[in-house]
Amino acid sequence: TLYICNHQSWADIPIVIPKTKSAALSKKEVMTIPLVGFLTVLAGGIFFDREEQSSRMAIVKELIDFFKKGYSLCYFPEGTRSKDGNLLEPNLALIKLAFKLKISVVPIAIEGTKNIIQKGRLYYKFFQKVVLKFGGPITPQNFQNENDFSNYCWDKVKEIHNEIKNNYFK
């Protein structure tokens with residue numbers, strides 16, 4: 001299974017990963033972040049260098065093997081944290097790979113973690129309201145092509161996120 005989720009803060013990783021029982025795909029810089037880096041390593045994070053083309057290509061091969069072994073992965077398609085909690089433009093490449101490998105995608109949305117540790121801030125603010133909601137699995141077999149599939153999956157994340165904001169954060 002490929003779990004996809006919006007990304008508001010470093011707090012997303014230790015909140016989402018235990019709920020999915022999956023590894024996380026993460027840029028290598030995450031390893032240096034106090035607490036979050038340690039927790040990501042413990043959770044079996046798969047790290048790559050976003051700046052190096054060879055690292056991005058190698059990670060695709062590694063992920064194909066990873067999925068073929070039956071493991072699940074959590075991916076934050078926005079690639080970086082949102083400053084204000086609004087969703088950013090996603091990179092859908094990994095969702096397109098899921099389509100090619102016939103792997104189900106589970107959309108997830110999270111809201112409120114931006115208040116725990118905001119982008120650009122180094123300290124944590126505990127006891128904040130956070131809502132995490134899962135959508136149902138989406139199977140690639142129901143779609144004609146990878147673009148329709150990946151766009152539908154991300155649209156589900158947006159739909160769930162809007163539902164959370166409208167129902168829990170008015």
# chains A, B, ... in the order shown; residues from 1 in each chain; ligands from 1
>>> residues_around(residues="stretch 111-117 of chain A", least_positions_apart="4", cutoff="8 Å", atoms="only C-alpha atoms", output="list in words")
Gln8, Ser9, Trp10, Ala11, Asp12, Ser82, Lys83, Asp84, Gly85, Arg121, Leu122, Tyr123, Tyr124, Lys125, Phe126, Phe127, Gln128, Lys129, Val130, Val131, Leu132, His161, Ile164 and Lys165 of chain A
>>> residues_around(residues="A:Gln141", least_positions_apart="6", cutoff="10 Å", atoms="only C-alpha atoms", output="JSON, numbers by chain")
{"A": [99, 100, 102, 103, 104, 149]}
>>> write_last_selection(atoms="N, CA and C atoms", output="compact mmCIF listing (two decimals), in the first residue's frame")
# COMPACT_ATOMS: atom_id res chain seq x y z
N PHE A 99 0.44 3.16 -9.75
CA PHE A 99 -0.46 2.74 -10.82
C PHE A 99 0.20 1.65 -11.67
N LYS A 100 1.44 1.88 -12.07
CA LYS A 100 2.16 0.92 -12.92
C LYS A 100 2.38 -0.41 -12.21
N LYS A 102 0.41 -1.56 -9.88
CA LYS A 102 -0.91 -2.04 -9.42
C LYS A 102 -1.00 -2.09 -7.89
N ILE A 103 -0.52 -1.01 -7.26
CA ILE A 103 -0.53 -0.89 -5.81
C ILE A 103 -1.65 0.07 -5.40
N SER A 104 -2.41 -0.32 -4.40
CA SER A 104 -3.48 0.54 -3.89
C SER A 104 -2.89 1.75 -3.17
N PHE A 149 -5.48 8.34 -12.39
CA PHE A 149 -5.32 7.70 -11.08
C PHE A 149 -4.65 8.64 -10.08
>>> residues_around(residues="stretch 138-140 of chain A", least_positions_apart="3", cutoff="12 Å", atoms="only C-alpha atoms", output="PyMOL selection string")
chain A and resi 1-4+95-108+134-135+143-157
>>> write_last_selection(atoms="N, CA and C atoms", output="compact mmCIF listing (two decimals), in the first residue's frame")
# COMPACT_ATOMS: atom_id res chain seq x y z
N THR A 1 0.84 -1.19 0.00
CA THR A 1 0.00 0.00 0.00
C THR A 1 0.88 1.24 0.00
N LEU A 2 0.45 2.24 -0.75
CA LEU A 2 1.09 3.55 -0.71
C LEU A 2 0.13 4.49 -0.01
N TYR A 3 0.55 5.02 1.13
CA TYR A 3 -0.23 6.02 1.85
C TYR A 3 0.27 7.39 1.42
N ILE A 4 -0.66 8.28 1.08
CA ILE A 4 -0.27 9.64 0.70
C ILE A 4 -0.96 10.62 1.64
N ILE A 95 2.85 8.22 -7.09
CA ILE A 95 1.49 7.70 -7.25
C ILE A 95 1.35 7.08 -8.64
N LYS A 96 2.00 7.68 -9.62
CA LYS A 96 2.01 7.10 -10.97
C LYS A 96 2.75 5.76 -10.98
N LEU A 97 3.81 5.65 -10.19
CA LEU A 97 4.52 4.39 -10.05
C LEU A 97 3.59 3.34 -9.43
N ALA A 98 2.82 3.74 -8.44
CA ALA A 98 1.86 2.82 -7.82
C ALA A 98 0.86 2.29 -8.86
N PHE A 99 0.44 3.16 -9.75
CA PHE A 99 -0.46 2.74 -10.82
C PHE A 99 0.20 1.65 -11.67
N LYS A 100 1.44 1.88 -12.07
CA LYS A 100 2.16 0.92 -12.92
C LYS A 100 2.38 -0.41 -12.21
N LEU A 101 2.59 -0.36 -10.89
CA LEU A 101 2.84 -1.58 -10.12
C LEU A 101 1.55 -2.20 -9.57
N LYS A 102 0.41 -1.56 -9.88
CA LYS A 102 -0.91 -2.04 -9.42
C LYS A 102 -1.00 -2.09 -7.89
N ILE A 103 -0.52 -1.01 -7.26
CA ILE A 103 -0.53 -0.89 -5.81
C ILE A 103 -1.65 0.07 -5.40
N SER A 104 -2.41 -0.32 -4.40
CA SER A 104 -3.48 0.54 -3.89
C SER A 104 -2.89 1.75 -3.17
N VAL A 105 -3.62 2.86 -3.25
CA VAL A 105 -3.23 4.09 -2.57
C VAL A 105 -4.30 4.43 -1.55
N VAL A 106 -3.85 4.79 -0.35
CA VAL A 106 -4.77 5.24 0.70
C VAL A 106 -4.52 6.72 0.94
N PRO A 107 -5.51 7.57 0.64
CA PRO A 107 -5.34 9.00 0.90
C PRO A 107 -5.56 9.32 2.38
N ILE A 108 -4.74 10.21 2.89
CA ILE A 108 -4.81 10.65 4.28
C ILE A 108 -4.71 12.16 4.30
N PHE A 134 -8.28 9.10 7.48
CA PHE A 134 -7.95 8.20 6.37
C PHE A 134 -9.13 8.08 5.43
N GLY A 135 -8.84 8.05 4.14
CA GLY A 135 -9.85 7.70 3.14
C GLY A 135 -9.74 6.21 2.85
N PHE A 143 -8.93 2.61 -13.14
CA PHE A 143 -8.58 3.82 -13.88
C PHE A 143 -7.93 3.47 -15.21
N GLN A 144 -8.12 4.37 -16.19
CA GLN A 144 -7.61 4.16 -17.54
C GLN A 144 -6.10 4.42 -17.65
N ASN A 145 -5.61 5.41 -16.87
CA ASN A 145 -4.20 5.76 -17.00
C ASN A 145 -3.66 6.33 -15.70
N GLU A 146 -2.35 6.49 -15.66
CA GLU A 146 -1.66 6.94 -14.44
C GLU A 146 -2.03 8.38 -14.06
N ASN A 147 -2.30 9.22 -15.04
CA ASN A 147 -2.66 10.61 -14.73
C ASN A 147 -4.03 10.68 -14.06
N ASP A 148 -5.00 9.97 -14.59
CA ASP A 148 -6.33 9.95 -13.97
C ASP A 148 -6.24 9.41 -12.55
N PHE A 149 -5.48 8.34 -12.39
CA PHE A 149 -5.32 7.70 -11.08
C PHE A 149 -4.65 8.64 -10.08
N SER A 150 -3.51 9.20 -10.46
CA SER A 150 -2.77 10.05 -9.52
C SER A 150 -3.54 11.32 -9.17
N ASN A 151 -4.19 11.92 -10.15
CA ASN A 151 -5.00 13.12 -9.87
C ASN A 151 -6.18 12.79 -8.96
N TYR A 152 -6.83 11.67 -9.19
CA TYR A 152 -7.95 11.26 -8.34
C TYR A 152 -7.49 11.03 -6.89
N CYS A 153 -6.35 10.36 -6.74
CA CYS A 153 -5.82 10.11 -5.40
C CYS A 153 -5.54 11.41 -4.65
N TRP A 154 -4.89 12.37 -5.34
CA TRP A 154 -4.58 13.64 -4.67
C TRP A 154 -5.86 14.45 -4.42
N ASP A 155 -6.81 14.37 -5.33
CA ASP A 155 -8.09 15.05 -5.10
C ASP A 155 -8.77 14.52 -3.85
N LYS A 156 -8.62 13.22 -3.57
CA LYS A 156 -9.19 12.64 -2.34
C LYS A 156 -8.52 13.22 -1.10
N VAL A 157 -7.20 13.40 -1.16
CA VAL A 157 -6.50 14.03 -0.03
C VAL A 157 -7.06 15.43 0.20
>>> closest_residue(among="A:Lys61, A:Lys68, A:Lys133, A:Lys119", to="A:Asn162", atoms="only C-alpha atoms")
A:Lys133
>>> select_by_dssp(residues="chain A", states="alpha helix (DSSP H)", output="ChimeraX atom specification")
/A:12-20,36-42,53-68,93-101,146-168
>>> residues_around(residues="A:Leu42", least_positions_apart="4", cutoff="12 Å", atoms="only C-alpha atoms", output="MDAnalysis selection string")
chainID A and resid 13:14 17:18 22:24 31 35:38 46
>>> write_last_selection(atoms="N, CA, C and O atoms", output="mmCIF file, in the first residue's frame")
data_model
loop_
_atom_site.group_PDB
_atom_site.id
_atom_site.type_symbol
_atom_site.label_atom_id
_atom_site.label_comp_id
_atom_site.auth_asym_id
_atom_site.auth_seq_id
_atom_site.Cartn_x
_atom_site.Cartn_y
_atom_site.Cartn_z
ATOM 1 N N ILE A 13 5.270 13.309 10.547
ATOM 2 C CA ILE A 13 5.929 12.016 10.417
ATOM 3 C C ILE A 13 5.687 11.128 11.632
ATOM 4 O O ILE A 13 5.178 10.010 11.486
ATOM 5 N N PRO A 14 6.004 11.572 12.861
ATOM 6 C CA PRO A 14 5.760 10.683 14.002
ATOM 7 C C PRO A 14 4.274 10.459 14.316
ATOM 8 O O PRO A 14 3.929 9.525 15.028
ATOM 9 N N ILE A 17 3.141 7.907 10.613
ATOM 10 C CA ILE A 17 3.832 6.630 10.373
ATOM 11 C C ILE A 17 3.347 5.508 11.306
ATOM 12 O O ILE A 17 3.047 4.416 10.831
ATOM 13 N N PRO A 18 3.234 5.730 12.591
ATOM 14 C CA PRO A 18 2.742 4.628 13.445
ATOM 15 C C PRO A 18 1.320 4.180 13.101
ATOM 16 O O PRO A 18 0.981 3.006 13.260
ATOM 17 N N SER A 22 3.957 1.768 8.255
ATOM 18 C CA SER A 22 4.718 1.785 7.008
ATOM 19 C C SER A 22 6.025 2.527 7.216
ATOM 20 O O SER A 22 6.233 3.164 8.241
ATOM 21 N N ALA A 23 6.883 2.432 6.245
ATOM 22 C CA ALA A 23 8.093 3.243 6.219
ATOM 23 C C ALA A 23 7.736 4.576 5.566
ATOM 24 O O ALA A 23 6.705 4.697 4.915
ATOM 25 N N ALA A 24 8.611 5.552 5.747
ATOM 26 C CA ALA A 24 8.376 6.860 5.135
ATOM 27 C C ALA A 24 9.494 7.169 4.154
ATOM 28 O O ALA A 24 10.652 6.851 4.393
ATOM 29 N N MET A 31 17.149 13.450 8.719
ATOM 30 C CA MET A 31 17.927 12.726 9.731
ATOM 31 C C MET A 31 18.584 13.657 10.736
ATOM 32 O O MET A 31 18.885 13.243 11.852
ATOM 33 N N LEU A 35 14.785 14.800 17.355
ATOM 34 C CA LEU A 35 13.621 13.972 17.643
ATOM 35 C C LEU A 35 12.980 13.429 16.372
ATOM 36 O O LEU A 35 12.851 12.230 16.214
ATOM 37 N N VAL A 36 12.584 14.268 15.427
ATOM 38 C CA VAL A 36 11.922 13.820 14.213
ATOM 39 C C VAL A 36 12.849 12.917 13.398
ATOM 40 O O VAL A 36 12.433 11.856 12.921
ATOM 41 N N GLY A 37 14.107 13.313 13.237
ATOM 42 C CA GLY A 37 15.059 12.494 12.495
ATOM 43 C C GLY A 37 15.252 11.137 13.141
ATOM 44 O O GLY A 37 15.235 10.098 12.470
ATOM 45 N N PHE A 38 15.408 11.125 14.441
ATOM 46 C CA PHE A 38 15.581 9.876 15.186
ATOM 47 C C PHE A 38 14.364 8.973 15.025
ATOM 48 O O PHE A 38 14.490 7.777 14.747
ATOM 49 N N ILE A 46 13.115 5.698 4.502
ATOM 50 C CA ILE A 46 13.927 5.524 3.299
ATOM 51 C C ILE A 46 14.343 6.933 2.880
ATOM 52 O O ILE A 46 13.500 7.762 2.558
#
>>> select_by_dssp(residues="stretch 8-155 of chain A", states="strand (DSSP E)", output="ChimeraX atom specification")
/A:23-27,46-48,73-75,105-111,131-134
>>> closest_residue(among="A:Lys158, A:Ile15, A:Glu52, A:Val30", to="A:Glu89", atoms="only C-alpha atoms")
A:Lys158
>>> closest_residue(among="A:Glu51, A:Leu94, A:Cys74, A:Gly44", to="A:Lys19", atoms="only C-alpha atoms")
A:Cys74
